[in-house]
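Trainee: Quick one: structure below, then a few questions.
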Amino acid sequence: MAGTLAPPGDQQVPERWRRYPRTPVPAGQTTLTSVTLALTAGRQTVAGEATEVPGLLLSPHVAGDPLRYTGDWRLVHAASGLSVCPAVPIAYAREVAQWYARAGIDWNRPGRVIADDPAAQRVFLALITDLEDARYEHRPLVYARTSWVHWPPLWRIWRSGTPDPDGFYTYADAAAPAESAGRGDGDAQIRRDTSSPGWALQCAAPGCCDGYAWFIDGWDGDSEPVIGERSGIERDARDVGWRDHDRHHWICSRCAGQYR
Ligand SMILES: [Zn+2]
């Protein structure tokens, strides 16, 4: 019996392989570029990522003979290809860029000019010291925020002079259910509490969850911050792997693993 030349369906080249994109990603949709590293063995072009510091790029760390990616990252002076920080995990490398952004060094100068600039030398040595301290303590080099937030008073629906047990974070949040439930029950009012409901905790790491770093009650799938007494929140947060580095800064269990 004559067989067909077509391979079985599950072995056909997927449509997406035939239609792969042939044009570059538009410049506004990428931070990626390339950078030529100046290494002891010679010059080597690798991927680079723009940082908030003009003139500095994030790049993968390479080492060995032959050269290979190590899994760590560095900040590189784009013009010279020289590294401006030790090889570190990516969370630290991104924070080094933030640290340098506050240091006020102009990196859009030739490498030999920066090398002779005493201010740049002092900044580099200070970075090395700060980075060593942070890594020794397994904490961020730069904190994005303080962890404890004293929550402002909630908005609450009152009916017949009695407050509902559940409060809302914003007036609009309270207004929506009040309106839908309020028909035929004309005396529903929205009032703001006069005191704070307590404290909320957030992770202080810059890269945490795109900035939504609240300690939440993950058991019931709720994504609102847990609000209450600090001692109770501290206990519950420690139970799921959050750690405090000082009175003001806590790191969540997900971020903690990045500070090696
Ligand atoms: Zn975190």
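Following the order of the structure tokens, chains are lettered A, B, ..., residues in each are numbered from 1, and ligands are numbered from 1.
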Could you give me the residues within region 15-62 of chain A that DSSP places in strand (DSSP E or B), as a JSON list (two decimals) with C-alpha atoms, in the first residue's frame?
Mentor:
[["chain", "number", "residue", "atom", "x", "y", "z"],
["A", 32, "LEU", "CA", 18.30, 45.19, 24.53],
["A", 33, "THR", "CA", 21.34, 46.00, 22.48],
["A", 34, "SER", "CA", 24.86, 44.60, 22.19],
["A", 35, "VAL", "CA", 28.06, 45.59, 23.92],
["A", 36, "THR", "CA", 31.67, 44.66, 23.21],
["A", 37, "LEU", "CA", 33.41, 43.61, 26.41],
["A", 38, "ALA", "CA", 37.09, 44.40, 26.93],
["A", 39, "LEU", "CA", 38.45, 41.20, 28.49],
["A", 42, "GLY", "CA", 40.46, 40.23, 23.93],
["A", 43, "ARG", "CA", 37.21, 41.83, 22.85],
["A", 44, "GLN", "CA", 33.94, 39.93, 22.85],
["A", 45, "THR", "CA", 30.48, 41.13, 21.83],
["A", 46, "VAL", "CA", 27.56, 40.00, 24.03],
["A", 47, "ALA", "CA", 24.01, 41.13, 24.72],
["A", 48, "GLY", "CA", 23.54, 44.37, 26.66],
["A", 49, "GLU", "CA", 20.52, 45.96, 28.33],
["A", 50, "ALA", "CA", 20.10, 49.71, 28.76],
["A", 56, "LEU", "CA", 26.21, 51.89, 31.51],
["A", 57, "LEU", "CA", 24.75, 48.60, 30.23],
["A", 58, "LEU", "CA", 23.75, 45.41, 32.00],
["A", 59, "SER", "CA", 25.49, 42.41, 30.44],
["A", 60, "PRO", "CA", 25.94, 38.71, 31.13],
["A", 61, "HIS", "CA", 29.19, 37.81, 32.86],
["A", 62, "VAL", "CA", 31.53, 35.66, 30.80]]
Trainee: Which parts of region 53-180 of chain A does DSSP call alpha helix (DSSP H) when run on the backbone here, written out as a JSON list (two decimals) with C-alpha atoms, in the first residue's frame?
Mentor:
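Writing the result to part.json gives the following:
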[["chain", "number", "residue", "atom", "x", "y", "z"],
["A", 90, "ILE", "CA", 20.88, 39.81, 38.39],
["A", 91, "ALA", "CA", 18.93, 41.38, 41.25],
["A", 92, "TYR", "CA", 22.16, 42.91, 42.56],
["A", 93, "ALA", "CA", 23.30, 43.97, 39.08],
["A", 94, "ARG", "CA", 20.08, 45.94, 38.53],
["A", 95, "GLU", "CA", 20.47, 47.51, 41.98],
["A", 96, "VAL", "CA", 24.06, 48.51, 41.16],
["A", 97, "ALA", "CA", 22.58, 50.59, 38.31],
["A", 98, "GLN", "CA", 20.19, 52.26, 40.78],
["A", 99, "TRP", "CA", 23.07, 52.84, 43.18],
["A", 100, "TYR", "CA", 25.16, 54.46, 40.43],
["A", 101, "ALA", "CA", 22.16, 56.56, 39.34],
["A", 111, "GLY", "CA", 37.17, 55.11, 29.76],
["A", 112, "ARG", "CA", 40.59, 56.72, 30.26],
["A", 113, "VAL", "CA", 38.96, 59.99, 31.40],
["A", 114, "ILE", "CA", 36.78, 58.17, 33.94],
["A", 115, "ALA", "CA", 39.76, 56.13, 35.15],
["A", 118, "PRO", "CA", 39.14, 60.86, 41.52],
["A", 119, "ALA", "CA", 35.38, 61.19, 42.11],
["A", 120, "ALA", "CA", 34.71, 58.13, 39.93],
["A", 121, "GLN", "CA", 37.42, 56.20, 41.80],
["A", 122, "ARG", "CA", 35.86, 57.07, 45.18],
["A", 123, "VAL", "CA", 32.40, 56.10, 43.95],
["A", 124, "PHE", "CA", 33.66, 52.77, 42.63],
["A", 125, "LEU", "CA", 35.36, 51.90, 45.94],
["A", 126, "ALA", "CA", 32.24, 52.90, 47.89],
["A", 127, "LEU", "CA", 30.14, 50.66, 45.65],
["A", 128, "ILE", "CA", 32.44, 47.69, 46.25],
["A", 129, "THR", "CA", 32.15, 48.19, 50.03],
["A", 130, "ASP", "CA", 28.37, 48.64, 49.98],
["A", 131, "LEU", "CA", 27.91, 45.64, 47.71],
["A", 132, "GLU", "CA", 30.10, 43.42, 49.91],
["A", 133, "ASP", "CA", 28.09, 44.45, 52.98],
["A", 134, "ALA", "CA", 24.76, 43.78, 51.25],
["A", 135, "ARG", "CA", 25.84, 40.37, 49.95],
["A", 136, "TYR", "CA", 27.26, 39.37, 53.33],
["A", 171, "TYR", "CA", -14.52, 55.72, 48.30],
["A", 172, "ALA", "CA", -15.16, 54.30, 44.82],
["A", 173, "ASP", "CA", -14.74, 50.73, 46.10],
["A", 174, "ALA", "CA", -17.42, 51.39, 48.73],
["A", 175, "ALA", "CA", -19.72, 53.33, 46.41],
["A", 176, "ALA", "CA", -20.17, 50.51, 43.88],
["A", 177, "PRO", "CA", -21.74, 47.94, 46.28],
["A", 178, "ALA", "CA", -23.60, 50.69, 48.13],
["A", 179, "GLU", "CA", -25.29, 51.75, 44.90],
["A", 180, "SER", "CA", -26.19, 48.27, 43.75]]
Trainee: Within 10 Å of ligand 1 (counting only C-alpha atoms and all ligand atoms), which residues show up? I'd like them as a list in words.
Mentor: Gln202, Cys203, Ala204, Ala205, Pro206, Gly207, Cys208, Cys209, Asp210, Gly211, Tyr212, Ala213, Trp214, Phe215, Trp242, Trp250, Ile251, Cys252, Ser253, Arg254, Cys255, Ala256, Gly257 and Gln258 of chain A
Trainee: What does the distance from CA of Leu154 (chain A) to CA of His248 (chain A) come to in Å, to one decimal?
Mentor: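 If I compute the distance from CA of Leu154 (chain A) to CA of His248 (chain A), I get 23.7 Å.
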Trainee: What is the distance, in Å and to one decimal place, between CA of Gln29 (chain A) and CA of Trp17 (chain A)?
Mentor: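 Separation between CA of Gln29 (chain A) and CA of Trp17 (chain A): 22.2 Å.
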Trainee: One number please: CA of Ile105 (chain A) to CA of Ser80 (chain A), in Å, one decimal.
Mentor: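 Between these atoms lies a distance of 15.6 Å.
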Trainee: For Pro153 (chain A), which of A:Leu82, A:Val88, A:Ala188, A:Ile227 is the closest residue, counting only C-alpha atoms?
Mentor: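 Among A:Leu82, A:Val88, A:Ala188, A:Ile227, it is A:Ile227 that comes nearest to Pro153 (chain A).
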Trainee: As a PyMOL selection string, please: the residues near Gly167 (chain A) (cut-off 8 Å, only C-alpha atoms, same-chain neighbours under 2 positions excluded).
Mentor: chain A and resi 154-157+164-165+169+174
